[in-house]
>>> print(open('structure09.cif').read())   # mmCIF, C-alpha atoms, pLDDT in the B column; chains and numbers go by the auth columns
data_entry
loop_
_atom_site.group_PDB
_atom_site.id
_atom_site.type_symbol
_atom_site.label_atom_id
_atom_site.label_comp_id
_atom_site.label_asym_id
_atom_site.label_seq_id
_atom_site.Cartn_x
_atom_site.Cartn_y
_atom_site.Cartn_z
_atom_site.B_iso_or_equiv
_atom_site.auth_seq_id
_atom_site.auth_asym_id
ATOM 1 C CA MET A 1 94.782 87.055 84.367 95.00 1499 A
ATOM 2 C CA ASN A 2 95.679 88.286 87.834 97.00 1500 A
ATOM 3 C CA PRO A 3 95.217 86.112 90.963 98.00 1501 A
ATOM 4 C CA VAL A 4 91.785 87.596 91.718 98.00 1502 A
ATOM 5 C CA GLU A 5 90.553 86.795 88.224 98.00 1503 A
ATOM 6 C CA TRP A 6 91.876 83.251 88.639 98.00 1504 A
ATOM 7 C CA LEU A 7 90.207 82.953 92.058 98.00 1505 A
ATOM 8 C CA TRP A 8 86.780 83.754 90.647 98.00 1506 A
ATOM 9 C CA HIS A 9 87.445 81.756 87.506 98.00 1507 A
ATOM 10 C CA PHE A 10 87.950 78.629 89.604 98.00 1508 A
ATOM 11 C CA PHE A 11 85.056 79.391 91.974 97.00 1509 A
ATOM 12 C CA ASP A 12 82.846 79.878 88.917 97.00 1510 A
ATOM 13 C CA ARG A 13 83.741 76.290 87.922 97.00 1511 A
ATOM 14 C CA GLN A 14 83.244 74.952 91.475 97.00 1512 A
ATOM 15 C CA ASP A 15 86.954 74.056 91.437 97.00 1513 A
ATOM 16 C CA PHE A 16 87.626 75.195 94.989 97.00 1514 A
ATOM 17 C CA GLU A 17 90.895 73.342 95.544 96.00 1515 A
ATOM 18 C CA ALA A 18 92.473 75.068 92.544 98.00 1516 A
ATOM 19 C CA VAL A 19 92.296 78.335 94.502 98.00 1517 A
ATOM 20 C CA PHE A 20 94.731 77.126 97.170 98.00 1518 A
ATOM 21 C CA PRO A 21 98.001 78.121 95.420 98.00 1519 A
ATOM 22 C CA LEU A 22 96.593 81.577 94.635 98.00 1520 A
ATOM 23 C CA LEU A 23 96.300 82.417 98.328 98.00 1521 A
ATOM 24 C CA HIS A 24 99.149 83.566 100.561 98.00 1522 A
ATOM 25 C CA GLU A 25 99.879 81.375 103.570 97.00 1523 A
ATOM 26 C CA ASP A 26 98.830 84.306 105.804 98.00 1524 A
ATOM 27 C CA PHE A 27 95.601 84.900 103.883 98.00 1525 A
ATOM 28 C CA ILE A 28 92.899 86.774 105.809 98.00 1526 A
ATOM 29 C CA LEU A 29 89.456 87.723 104.507 98.00 1527 A
ATOM 30 C CA GLU A 30 87.149 90.141 106.284 98.00 1528 A
ATOM 31 C CA TRP A 31 83.402 90.604 105.792 98.00 1529 A
ATOM 32 C CA PRO A 32 82.814 93.900 107.662 98.00 1530 A
ATOM 33 C CA GLN A 33 79.030 93.829 107.324 98.00 1531 A
ATOM 34 C CA SER A 34 78.593 90.586 109.265 97.00 1532 A
ATOM 35 C CA ARG A 35 81.682 91.204 111.424 97.00 1533 A
ATOM 36 C CA GLU A 36 83.302 87.969 110.231 98.00 1534 A
ATOM 37 C CA ARG A 37 86.954 87.151 109.608 98.00 1535 A
ATOM 38 C CA ILE A 38 88.247 84.043 107.826 98.00 1536 A
ATOM 39 C CA ARG A 39 91.820 83.333 108.760 98.00 1537 A
ATOM 40 C CA GLY A 40 93.797 81.007 106.522 98.00 1538 A
ATOM 41 C CA ARG A 41 93.318 79.600 103.053 97.00 1539 A
ATOM 42 C CA GLU A 42 92.164 76.225 104.389 97.00 1540 A
ATOM 43 C CA ASN A 43 89.206 77.838 106.166 98.00 1541 A
ATOM 44 C CA PHE A 44 88.365 79.994 103.169 97.00 1542 A
ATOM 45 C CA ILE A 45 88.309 77.063 100.773 97.00 1543 A
ATOM 46 C CA ALA A 46 86.392 74.813 103.187 97.00 1544 A
ATOM 47 C CA LEU A 47 83.751 77.495 103.764 96.00 1545 A
ATOM 48 C CA ASN A 48 83.252 78.005 100.038 95.00 1546 A
ATOM 49 C CA LYS A 49 83.227 74.297 99.265 95.00 1547 A
ATOM 50 C CA ASN A 50 80.512 73.783 101.889 94.00 1548 A
ATOM 51 C CA TYR A 51 78.436 76.817 100.965 93.00 1549 A
ATOM 52 C CA PRO A 52 74.985 75.644 99.808 93.00 1550 A
ATOM 53 C CA GLY A 53 74.193 75.881 96.118 95.00 1551 A
ATOM 54 C CA ILE A 54 76.020 76.114 92.811 97.00 1552 A
ATOM 55 C CA TRP A 55 77.026 79.711 92.251 97.00 1553 A
ATOM 56 C CA ARG A 56 78.418 81.225 89.059 98.00 1554 A
ATOM 57 C CA GLU A 57 80.646 84.304 89.284 97.00 1555 A
ATOM 58 C CA THR A 58 81.310 87.065 86.748 98.00 1556 A
ATOM 59 C CA ILE A 59 83.639 90.019 87.286 98.00 1557 A
ATOM 60 C CA THR A 60 81.840 93.110 85.919 98.00 1558 A
ATOM 61 C CA SER A 61 84.389 95.802 86.900 97.00 1559 A
ATOM 62 C CA MET A 62 87.988 95.692 87.983 98.00 1560 A
ATOM 63 C CA VAL A 63 90.690 98.171 88.978 98.00 1561 A
ATOM 64 C CA SER A 64 94.223 97.034 89.728 98.00 1562 A
ATOM 65 C CA ASP A 65 97.561 98.555 90.592 96.00 1563 A
ATOM 66 C CA ALA A 66 100.910 96.999 91.504 93.00 1564 A
ATOM 67 C CA ASP A 67 99.738 95.212 94.649 96.00 1565 A
ATOM 68 C CA SER A 68 95.982 95.738 94.943 98.00 1566 A
ATOM 69 C CA ILE A 69 92.899 94.712 93.008 98.00 1567 A
ATOM 70 C CA ALA A 70 89.316 95.901 93.423 98.00 1568 A
ATOM 71 C CA ALA A 71 86.487 94.084 91.678 98.00 1569 A
ATOM 72 C CA ILE A 72 82.707 94.054 91.394 98.00 1570 A
ATOM 73 C CA LEU A 73 81.157 90.627 90.866 98.00 1571 A
ATOM 74 C CA GLU A 74 77.729 89.383 89.930 98.00 1572 A
ATOM 75 C CA ILE A 75 77.084 86.025 91.569 98.00 1573 A
ATOM 76 C CA THR A 76 74.075 83.888 90.729 98.00 1574 A
ATOM 77 C CA ASP A 77 72.693 80.430 91.359 97.00 1575 A
ATOM 78 C CA GLY A 78 70.224 80.893 88.499 97.00 1576 A
ATOM 79 C CA LYS A 79 67.443 82.012 90.852 97.00 1577 A
ATOM 80 C CA GLU A 80 69.039 84.725 92.974 97.00 1578 A
ATOM 81 C CA THR A 81 71.706 87.218 91.867 97.00 1579 A
ATOM 82 C CA VAL A 82 73.897 88.977 94.422 97.00 1580 A
ATOM 83 C CA THR A 83 76.675 91.523 94.119 98.00 1581 A
ATOM 84 C CA CYS A 84 80.080 91.234 95.759 98.00 1582 A
ATOM 85 C CA VAL A 85 82.553 94.107 95.928 98.00 1583 A
ATOM 86 C CA GLY A 86 86.025 92.973 96.904 98.00 1584 A
ATOM 87 C CA PHE A 87 89.303 94.694 97.673 98.00 1585 A
ATOM 88 C CA TYR A 88 92.345 92.410 97.569 98.00 1586 A
ATOM 89 C CA ARG A 89 95.978 93.023 98.437 98.00 1587 A
ATOM 90 C CA LEU A 90 98.743 90.870 97.017 98.00 1588 A
ATOM 91 C CA LYS A 91 101.981 89.781 98.656 98.00 1589 A
ATOM 92 C CA GLU A 92 104.601 87.748 96.835 97.00 1590 A
ATOM 93 C CA GLY A 93 102.175 87.442 93.928 97.00 1591 A
ATOM 94 C CA LYS A 94 99.442 85.832 96.033 98.00 1592 A
ATOM 95 C CA ILE A 95 96.198 87.089 97.540 98.00 1593 A
ATOM 96 C CA TRP A 96 97.128 88.119 101.061 98.00 1594 A
ATOM 97 C CA ARG A 97 94.343 90.356 102.411 98.00 1595 A
ATOM 98 C CA ALA A 98 90.748 90.543 101.243 98.00 1596 A
ATOM 99 C CA VAL A 99 87.782 92.673 102.270 98.00 1597 A
ATOM 100 C CA GLU A 100 84.451 91.832 100.690 98.00 1598 A
ATOM 101 C CA TYR A 101 81.143 93.689 100.825 98.00 1599 A
ATOM 102 C CA TRP A 102 77.788 92.177 99.873 98.00 1600 A
ATOM 103 C CA PRO A 103 75.502 95.171 99.240 98.00 1601 A
ATOM 104 C CA GLN A 104 71.779 94.450 99.380 97.00 1602 A
ATOM 105 C CA PRO A 105 68.960 96.349 97.672 97.00 1603 A
ATOM 106 C CA TYR A 106 67.239 99.098 99.665 96.00 1604 A
ATOM 107 C CA GLN A 107 64.388 101.491 99.060 94.00 1605 A
ATOM 108 C CA ALA A 108 65.445 104.905 97.733 93.00 1606 A
ATOM 109 C CA PRO A 109 64.584 107.474 100.406 90.00 1607 A
ATOM 110 C CA PRO A 110 62.015 110.124 99.488 90.00 1608 A
ATOM 111 C CA GLY A 111 62.950 113.765 98.929 89.00 1609 A
ATOM 112 C CA ARG A 112 65.591 113.527 96.228 92.00 1610 A
ATOM 113 C CA GLU A 113 63.432 112.669 93.208 93.00 1611 A
ATOM 114 C CA GLN A 114 64.159 115.991 91.534 95.00 1612 A
ATOM 115 C CA TRP A 115 67.843 115.113 91.073 97.00 1613 A
ATOM 116 C CA VAL A 116 67.506 111.382 90.416 97.00 1614 A
ATOM 117 C CA GLU A 117 66.095 109.084 87.749 96.00 1615 A
ATOM 118 C CA PRO A 118 65.207 105.422 88.156 94.00 1616 A
ATOM 119 C CA LEU A 119 67.825 102.937 87.015 92.00 1617 A
ATOM 120 C CA SER A 120 65.928 100.792 84.538 79.00 1618 A
ATOM 121 C CA MET B 1 95.729 113.639 94.832 95.00 655 B
ATOM 122 C CA ASN B 2 93.548 112.142 92.112 97.00 656 B
ATOM 123 C CA PRO B 3 90.075 113.552 91.264 98.00 657 B
ATOM 124 C CA VAL B 4 88.299 111.064 93.539 98.00 658 B
ATOM 125 C CA GLU B 5 90.471 112.060 96.491 98.00 659 B
ATOM 126 C CA TRP B 6 89.724 115.712 95.736 98.00 660 B
ATOM 127 C CA LEU B 7 85.984 114.964 95.451 98.00 661 B
ATOM 128 C CA TRP B 8 85.838 113.479 98.917 98.00 662 B
ATOM 129 C CA HIS B 9 88.239 116.079 100.303 98.00 663 B
ATOM 130 C CA PHE B 10 85.807 118.825 99.320 98.00 664 B
ATOM 131 C CA PHE B 11 82.706 116.897 100.425 97.00 665 B
ATOM 132 C CA ASP B 12 84.419 116.329 103.776 97.00 666 B
ATOM 133 C CA ARG B 13 84.660 120.118 104.115 97.00 667 B
ATOM 134 C CA GLN B 14 81.044 120.651 102.924 97.00 668 B
ATOM 135 C CA ASP B 15 82.524 122.570 99.982 97.00 669 B
ATOM 136 C CA PHE B 16 80.150 121.095 97.400 97.00 670 B
ATOM 137 C CA GLU B 17 80.647 123.688 94.666 96.00 671 B
ATOM 138 C CA ALA B 18 84.387 122.975 94.586 98.00 672 B
ATOM 139 C CA VAL B 19 83.569 119.521 93.194 98.00 673 B
ATOM 140 C CA PHE B 20 82.075 120.910 89.985 98.00 674 B
ATOM 141 C CA PRO B 21 85.330 121.182 87.950 98.00 675 B
ATOM 142 C CA LEU B 22 86.327 117.638 88.971 98.00 676 B
ATOM 143 C CA LEU B 23 83.306 116.164 87.197 98.00 677 B
ATOM 144 C CA HIS B 24 83.025 115.511 83.472 98.00 678 B
ATOM 145 C CA GLU B 25 80.205 117.311 81.693 97.00 679 B
ATOM 146 C CA ASP B 26 78.673 113.878 80.950 98.00 680 B
ATOM 147 C CA PHE B 27 78.991 112.710 84.558 98.00 681 B
ATOM 148 C CA ILE B 28 76.666 109.862 85.559 98.00 682 B
ATOM 149 C CA LEU B 29 76.478 108.208 88.971 98.00 683 B
ATOM 150 C CA GLU B 30 74.603 104.986 89.631 98.00 684 B
ATOM 151 C CA TRP B 31 73.433 103.568 92.957 98.00 685 B
ATOM 152 C CA PRO B 32 72.511 99.999 91.977 98.00 686 B
ATOM 153 C CA GLN B 33 71.054 99.033 95.355 98.00 687 B
ATOM 154 C CA SER B 34 68.302 101.676 95.255 97.00 688 B
ATOM 155 C CA ARG B 35 68.058 101.603 91.432 97.00 689 B
ATOM 156 C CA GLU B 36 68.907 105.326 91.221 98.00 690 B
ATOM 157 C CA ARG B 37 70.869 107.206 88.587 98.00 691 B
ATOM 158 C CA ILE B 38 72.089 110.800 88.904 98.00 692 B
ATOM 159 C CA ARG B 39 72.721 112.327 85.535 98.00 693 B
ATOM 160 C CA GLY B 40 74.847 115.453 85.364 98.00 694 B
ATOM 161 C CA ARG B 41 77.156 117.217 87.775 97.00 695 B
ATOM 162 C CA GLU B 42 74.561 119.860 88.624 97.00 696 B
ATOM 163 C CA ASN B 43 72.160 117.211 89.951 98.00 697 B
ATOM 164 C CA PHE B 44 74.927 115.429 91.838 97.00 698 B
ATOM 165 C CA ILE B 45 76.099 118.576 93.577 97.00 699 B
ATOM 166 C CA ALA B 46 72.549 119.769 94.326 97.00 700 B
ATOM 167 C CA LEU B 47 71.627 116.390 95.842 96.00 701 B
ATOM 168 C CA ASN B 48 74.692 116.390 98.068 96.00 702 B
ATOM 169 C CA LYS B 49 74.277 120.017 99.087 95.00 703 B
ATOM 170 C CA ASN B 50 70.690 119.297 100.124 94.00 704 B
ATOM 171 C CA TYR B 51 71.384 115.995 101.869 93.00 705 B
ATOM 172 C CA PRO B 52 70.449 116.333 105.553 93.00 706 B
ATOM 173 C CA GLY B 53 73.277 116.472 108.080 95.00 707 B
ATOM 174 C CA ILE B 54 76.970 117.332 108.186 97.00 708 B
ATOM 175 C CA TRP B 55 78.902 114.290 107.024 97.00 709 B
ATOM 176 C CA ARG B 56 82.661 113.766 107.218 98.00 710 B
ATOM 177 C CA GLU B 57 84.360 111.454 104.729 97.00 711 B
ATOM 178 C CA THR B 58 87.580 109.429 105.012 98.00 712 B
ATOM 179 C CA ILE B 59 89.020 107.205 102.298 98.00 713 B
ATOM 180 C CA THR B 60 90.236 104.017 103.995 98.00 714 B
ATOM 181 C CA SER B 61 91.317 102.015 100.909 98.00 715 B
ATOM 182 C CA MET B 62 92.006 102.946 97.325 98.00 716 B
ATOM 183 C CA VAL B 63 93.114 101.215 94.139 98.00 717 B
ATOM 184 C CA SER B 64 93.761 103.149 90.958 98.00 718 B
ATOM 185 C CA ASP B 65 94.966 102.513 87.450 96.00 719 B
ATOM 186 C CA ALA B 66 95.280 104.767 84.407 93.00 720 B
ATOM 187 C CA ASP B 67 91.580 105.625 84.095 96.00 721 B
ATOM 188 C CA SER B 68 89.774 104.020 87.031 98.00 722 B
ATOM 189 C CA ILE B 69 89.725 104.443 90.790 98.00 723 B
ATOM 190 C CA ALA B 70 88.076 102.247 93.409 98.00 724 B
ATOM 191 C CA ALA B 71 87.757 103.452 96.983 98.00 725 B
ATOM 192 C CA ILE B 72 86.264 102.464 100.320 98.00 726 B
ATOM 193 C CA LEU B 73 85.044 105.363 102.463 98.00 727 B
ATOM 194 C CA GLU B 74 83.924 105.728 106.033 98.00 728 B
ATOM 195 C CA ILE B 75 81.301 108.453 106.286 98.00 729 B
ATOM 196 C CA THR B 76 80.039 109.772 109.602 98.00 730 B
ATOM 197 C CA ASP B 77 77.883 112.533 111.017 97.00 731 B
ATOM 198 C CA GLY B 78 79.332 111.864 114.485 97.00 732 B
ATOM 199 C CA LYS B 79 76.382 109.644 115.456 97.00 733 B
ATOM 200 C CA GLU B 80 76.081 107.188 112.588 97.00 734 B
ATOM 201 C CA THR B 81 78.931 105.753 110.481 97.00 735 B
ATOM 202 C CA VAL B 82 78.261 104.284 107.047 97.00 736 B
ATOM 203 C CA THR B 83 80.510 102.716 104.443 98.00 737 B
ATOM 204 C CA CYS B 84 80.582 103.678 100.776 98.00 738 B
ATOM 205 C CA VAL B 85 82.378 101.628 98.134 98.00 739 B
ATOM 206 C CA GLY B 86 82.821 103.530 94.890 98.00 740 B
ATOM 207 C CA PHE B 87 84.135 102.688 91.446 98.00 741 B
ATOM 208 C CA TYR B 88 84.970 105.713 89.309 98.00 742 B
ATOM 209 C CA ARG B 89 86.064 106.018 85.701 98.00 743 B
ATOM 210 C CA LEU B 90 87.917 109.065 84.430 98.00 744 B
ATOM 211 C CA LYS B 91 87.688 110.732 81.034 98.00 745 B
ATOM 212 C CA GLU B 92 89.841 113.705 80.079 97.00 746 B
ATOM 213 C CA GLY B 93 91.109 113.771 83.658 97.00 747 B
ATOM 214 C CA LYS B 94 87.644 114.198 85.145 98.00 748 B
ATOM 215 C CA ILE B 95 85.235 111.844 86.922 98.00 749 B
ATOM 216 C CA TRP B 96 82.968 110.552 84.176 98.00 750 B
ATOM 217 C CA ARG B 97 81.200 107.430 85.480 98.00 751 B
ATOM 218 C CA ALA B 98 80.613 106.441 89.077 98.00 752 B
ATOM 219 C CA VAL B 99 78.991 103.429 90.715 98.00 753 B
ATOM 220 C CA GLU B 100 78.578 103.543 94.480 98.00 754 B
ATOM 221 C CA TYR B 101 77.484 100.837 96.900 98.00 755 B
ATOM 222 C CA TRP B 102 76.325 101.478 100.450 98.00 756 B
ATOM 223 C CA PRO B 103 76.672 98.115 102.222 98.00 757 B
ATOM 224 C CA GLN B 104 74.658 97.717 105.415 97.00 758 B
ATOM 225 C CA PRO B 105 75.353 95.418 108.363 97.00 759 B
ATOM 226 C CA TYR B 106 73.664 92.009 108.351 96.00 760 B
ATOM 227 C CA GLN B 107 73.541 89.044 110.679 95.00 761 B
ATOM 228 C CA ALA B 108 76.097 86.320 109.906 93.00 762 B
ATOM 229 C CA PRO B 109 74.181 83.219 108.848 90.00 763 B
ATOM 230 C CA PRO B 110 74.526 80.125 111.048 90.00 764 B
ATOM 231 C CA GLY B 111 76.453 77.048 109.942 89.00 765 B
ATOM 232 C CA ARG B 112 79.870 78.449 109.127 92.00 766 B
ATOM 233 C CA GLU B 113 81.191 79.164 112.618 93.00 767 B
ATOM 234 C CA GLN B 114 83.883 76.498 112.334 95.00 768 B
ATOM 235 C CA TRP B 115 85.707 78.443 109.596 97.00 769 B
ATOM 236 C CA VAL B 116 85.054 81.980 110.833 97.00 770 B
ATOM 237 C CA GLU B 117 86.020 84.179 113.755 96.00 771 B
ATOM 238 C CA PRO B 118 84.233 87.333 114.888 94.00 772 B
ATOM 239 C CA LEU B 119 85.679 90.609 113.656 92.00 773 B
ATOM 240 C CA SER B 120 86.267 92.529 116.881 80.00 774 B
#
>>> encode(input="structure09.cif", output="structure tokens")
Amino acid sequence: MNPVEWLWHFFDRQDFEAVFPLLHEDFILEWPQSRERIRGRENFIALNKNYPGIWRETITSMVSDADSIAAILEITDGKETVTCVGFYRLKEGKIWRAVEYWPQPYQAPPGREQWVEPLS
Amino acid sequence: MNPVEWLWHFFDRQDFEAVFPLLHEDFILEWPQSRERIRGRENFIALNKNYPGIWRETITSMVSDADSIAAILEITDGKETVTCVGFYRLKEGKIWRAVEYWPQPYQAPPGREQWVEPLS
């Protein structure tokens, strides 16, 4: 498994501390939608450890090249399911830069029904 | 350039018909957030050709392996800028399956300020 698979493997098991060695010492995560940046692996792990609820994570798609990994995740606490789409860059074999998007459902706009079918 | 780069290159120039040979004859695109599926390259091109406005597209991040490409795009009509995150699978050198997310801004929830800094 690559470092991103290990990251979500450990988060899925609520084993937040195990993620520490996967992260580069200059780790930075950005959440562009909420205009938030998490600087440093200590902050990232503390935030996740203190996030309310028990969340299970499953990678549903992944693309990777020599130093980058992109993944789609389904994340659920058993009641709510959310999607995360993350782009991760590695440095020295560790996760160095991360950008994560959390797309929310929205209503399909009218006017394009003739080219579209509902996703069941 | 790979087929996804060419796709957005032509869309950026409003040259929608040029995209046709890049798409597999069994092309399917899914927009999970709005529960929409576009089946077939004809529908995909017609929808884009008829979409209101002149939109310019720039790929800002990309990861690719042998048969998959993931990309982040900034898309603007000069007034509004939106982000698209797409995962594309190739078959016979053409774009065969696509899943696109359109993440919207949201308010950062309270309670995590101690681990987070604002993204300027």
>>> interface_residues(input="structure09.cif", of="chain B", to="chain A", cutoff="7 Å", atoms="all atoms listed in the file", output="list in words")
Gln687, Ser688, Arg689, Glu690, Arg691, Ile692, Asn697, Leu701, Val717, Ser718, Asp719, Ser722, Ile723, Ala724, Tyr755, Trp756, Pro757, Gln758, Pro759, Tyr760, Gln761, Ala762, Arg766, Trp769, Val770, Glu771, Pro772 and Leu773 of chain B
>>> atom_distance(input="structure09.cif", atom1="atom CA of B:Thr714", atom2="atom CA of A:Phe1508")
29.3 Å
>>> atom_distance(input="structure09.cif", atom1="atom CA of B:Gly732", atom2="atom CA of B:Arg710")
8.2 Å
>>> resolve_selection(input="structure09.cif", expression="the PyMOL selection byres ((chain B and resi 731) around 9)", output="PyMOL selection string")
chain B and resi 707-710+729-730+732-735
>>> residues_near_point(input="structure09.cif", point="(98.2, 90.0, 97.5)", cutoff="10 Å", atoms="only C-alpha atoms", output="list of chain:residue names")
A:Pro1501, A:Val1502, A:Leu1520, A:Leu1521, A:His1522, A:Phe1525, A:Ala1564, A:Asp1565, A:Ser1566, A:Ile1567, A:Tyr1586, A:Arg1587, A:Leu1588, A:Lys1589, A:Glu1590, A:Gly1591, A:Lys1592, A:Ile1593, A:Trp1594, A:Arg1595, A:Ala1596
>>> atom_distance(input="structure09.cif", atom1="atom CA of B:Trp660", atom2="atom CA of A:Cys1582")
26.3 Å
>>> residues_near_point(input="structure09.cif", point="(84.5, 83.2, 88.3)", cutoff="9 Å", atoms="only C-alpha atoms", output="CSV table (one decimal) with C-alpha atoms, in the frame of the given file")
chain,number,residue,atom,x,y,z
A,1503,GLU,CA,90.6,86.8,88.2
A,1504,TRP,CA,91.9,83.3,88.6
A,1505,LEU,CA,90.2,83.0,92.1
A,1506,TRP,CA,86.8,83.8,90.6
A,1507,HIS,CA,87.4,81.8,87.5
A,1508,PHE,CA,88.0,78.6,89.6
A,1509,PHE,CA,85.1,79.4,92.0
A,1510,ASP,CA,82.8,79.9,88.9
A,1511,ARG,CA,83.7,76.3,87.9
A,1512,GLN,CA,83.2,75.0,91.5
A,1554,ARG,CA,78.4,81.2,89.1
A,1555,GLU,CA,80.6,84.3,89.3
A,1556,THR,CA,81.3,87.1,86.7
A,1557,ILE,CA,83.6,90.0,87.3
A,1571,LEU,CA,81.2,90.6,90.9
A,1573,ILE,CA,77.1,86.0,91.6
>>> decode(input="structure09.cif", residues="stretch 1582-1605 of chain A", atoms="N, CA and C atoms", output="mmCIF file, in the first residue's frame")
data_model
loop_
_atom_site.group_PDB
_atom_site.id
_atom_site.type_symbol
_atom_site.label_atom_id
_atom_site.label_comp_id
_atom_site.auth_asym_id
_atom_site.auth_seq_id
_atom_site.Cartn_x
_atom_site.Cartn_y
_atom_site.Cartn_z
ATOM 1 N N CYS A 1582 -14.894 12.462 0.126
ATOM 2 C CA CYS A 1582 -13.680 13.276 0.142
ATOM 3 C C CYS A 1582 -12.903 12.977 -1.128
ATOM 4 N N VAL A 1583 -12.401 14.024 -1.780
ATOM 5 C CA VAL A 1583 -11.524 13.840 -2.930
ATOM 6 C C VAL A 1583 -10.202 14.511 -2.593
ATOM 7 N N GLY A 1584 -9.146 13.719 -2.518
ATOM 8 C CA GLY A 1584 -7.863 14.239 -2.075
ATOM 9 C C GLY A 1584 -6.773 14.087 -3.109
ATOM 10 N N PHE A 1585 -5.925 15.115 -3.195
ATOM 11 C CA PHE A 1585 -4.721 15.068 -4.009
ATOM 12 C C PHE A 1585 -3.531 15.211 -3.062
ATOM 13 N N TYR A 1586 -2.593 14.285 -3.155
ATOM 14 C CA TYR A 1586 -1.484 14.207 -2.203
ATOM 15 C C TYR A 1586 -0.171 14.157 -2.973
ATOM 16 N N ARG A 1587 0.798 14.929 -2.500
ATOM 17 C CA ARG A 1587 2.137 14.863 -3.087
ATOM 18 C C ARG A 1587 3.102 14.299 -2.055
ATOM 19 N N LEU A 1588 3.965 13.409 -2.523
ATOM 20 C CA LEU A 1588 4.937 12.775 -1.640
ATOM 21 C C LEU A 1588 6.291 13.472 -1.748
ATOM 22 N N LYS A 1589 7.045 13.404 -0.668
ATOM 23 C CA LYS A 1589 8.438 13.849 -0.665
ATOM 24 C C LYS A 1589 9.180 12.920 0.270
ATOM 25 N N GLU A 1590 10.262 12.360 -0.199
ATOM 26 C CA GLU A 1590 11.037 11.409 0.602
ATOM 27 C C GLU A 1590 10.152 10.268 1.117
ATOM 28 N N GLY A 1591 9.204 9.861 0.286
ATOM 29 C CA GLY A 1591 8.343 8.730 0.620
ATOM 30 C C GLY A 1591 7.221 9.029 1.600
ATOM 31 N N LYS A 1592 7.100 10.303 1.995
ATOM 32 C CA LYS A 1592 6.055 10.672 2.960
ATOM 33 C C LYS A 1592 5.080 11.674 2.355
ATOM 34 N N ILE A 1593 3.912 11.767 2.960
ATOM 35 C CA ILE A 1593 2.886 12.694 2.462
ATOM 36 C C ILE A 1593 3.298 14.105 2.869
ATOM 37 N N TRP A 1594 3.470 14.945 1.851
ATOM 38 C CA TRP A 1594 4.093 16.258 2.059
ATOM 39 C C TRP A 1594 3.082 17.398 1.870
ATOM 40 N N ARG A 1595 2.286 17.299 0.811
ATOM 41 C CA ARG A 1595 1.257 18.298 0.518
ATOM 42 C C ARG A 1595 -0.050 17.563 0.267
ATOM 43 N N ALA A 1596 -1.139 18.122 0.776
ATOM 44 C CA ALA A 1596 -2.447 17.519 0.561
ATOM 45 C C ALA A 1596 -3.461 18.617 0.291
ATOM 46 N N VAL A 1597 -4.343 18.361 -0.655
ATOM 47 C CA VAL A 1597 -5.487 19.238 -0.919
ATOM 48 C C VAL A 1597 -6.700 18.332 -0.921
ATOM 49 N N GLU A 1598 -7.675 18.655 -0.074
ATOM 50 C CA GLU A 1598 -8.867 17.814 0.003
ATOM 51 C C GLU A 1598 -10.122 18.633 -0.260
ATOM 52 N N TYR A 1599 -11.005 18.049 -1.066
ATOM 53 C CA TYR A 1599 -12.318 18.637 -1.347
ATOM 54 C C TYR A 1599 -13.389 17.745 -0.746
ATOM 55 N N TRP A 1600 -14.459 18.372 -0.288
ATOM 56 C CA TRP A 1600 -15.578 17.682 0.356
ATOM 57 C C TRP A 1600 -16.851 18.078 -0.381
ATOM 58 N N PRO A 1601 -17.072 17.492 -1.569
ATOM 59 C CA PRO A 1601 -18.228 17.912 -2.385
ATOM 60 C C PRO A 1601 -19.558 17.504 -1.746
ATOM 61 N N GLN A 1602 -20.485 18.417 -1.760
ATOM 62 C CA GLN A 1602 -21.812 18.222 -1.180
ATOM 63 C C GLN A 1602 -22.831 18.026 -2.298
ATOM 64 N N PRO A 1603 -23.926 17.338 -2.010
ATOM 65 C CA PRO A 1603 -24.994 17.218 -3.009
ATOM 66 C C PRO A 1603 -25.568 18.587 -3.391
ATOM 67 N N TYR A 1604 -26.023 18.701 -4.627
ATOM 68 C CA TYR A 1604 -26.761 19.899 -5.052
ATOM 69 C C TYR A 1604 -27.834 19.469 -6.049
ATOM 70 N N GLN A 1605 -28.795 20.343 -6.215
ATOM 71 C CA GLN A 1605 -29.901 20.078 -7.133
ATOM 72 C C GLN A 1605 -29.428 20.252 -8.577
#
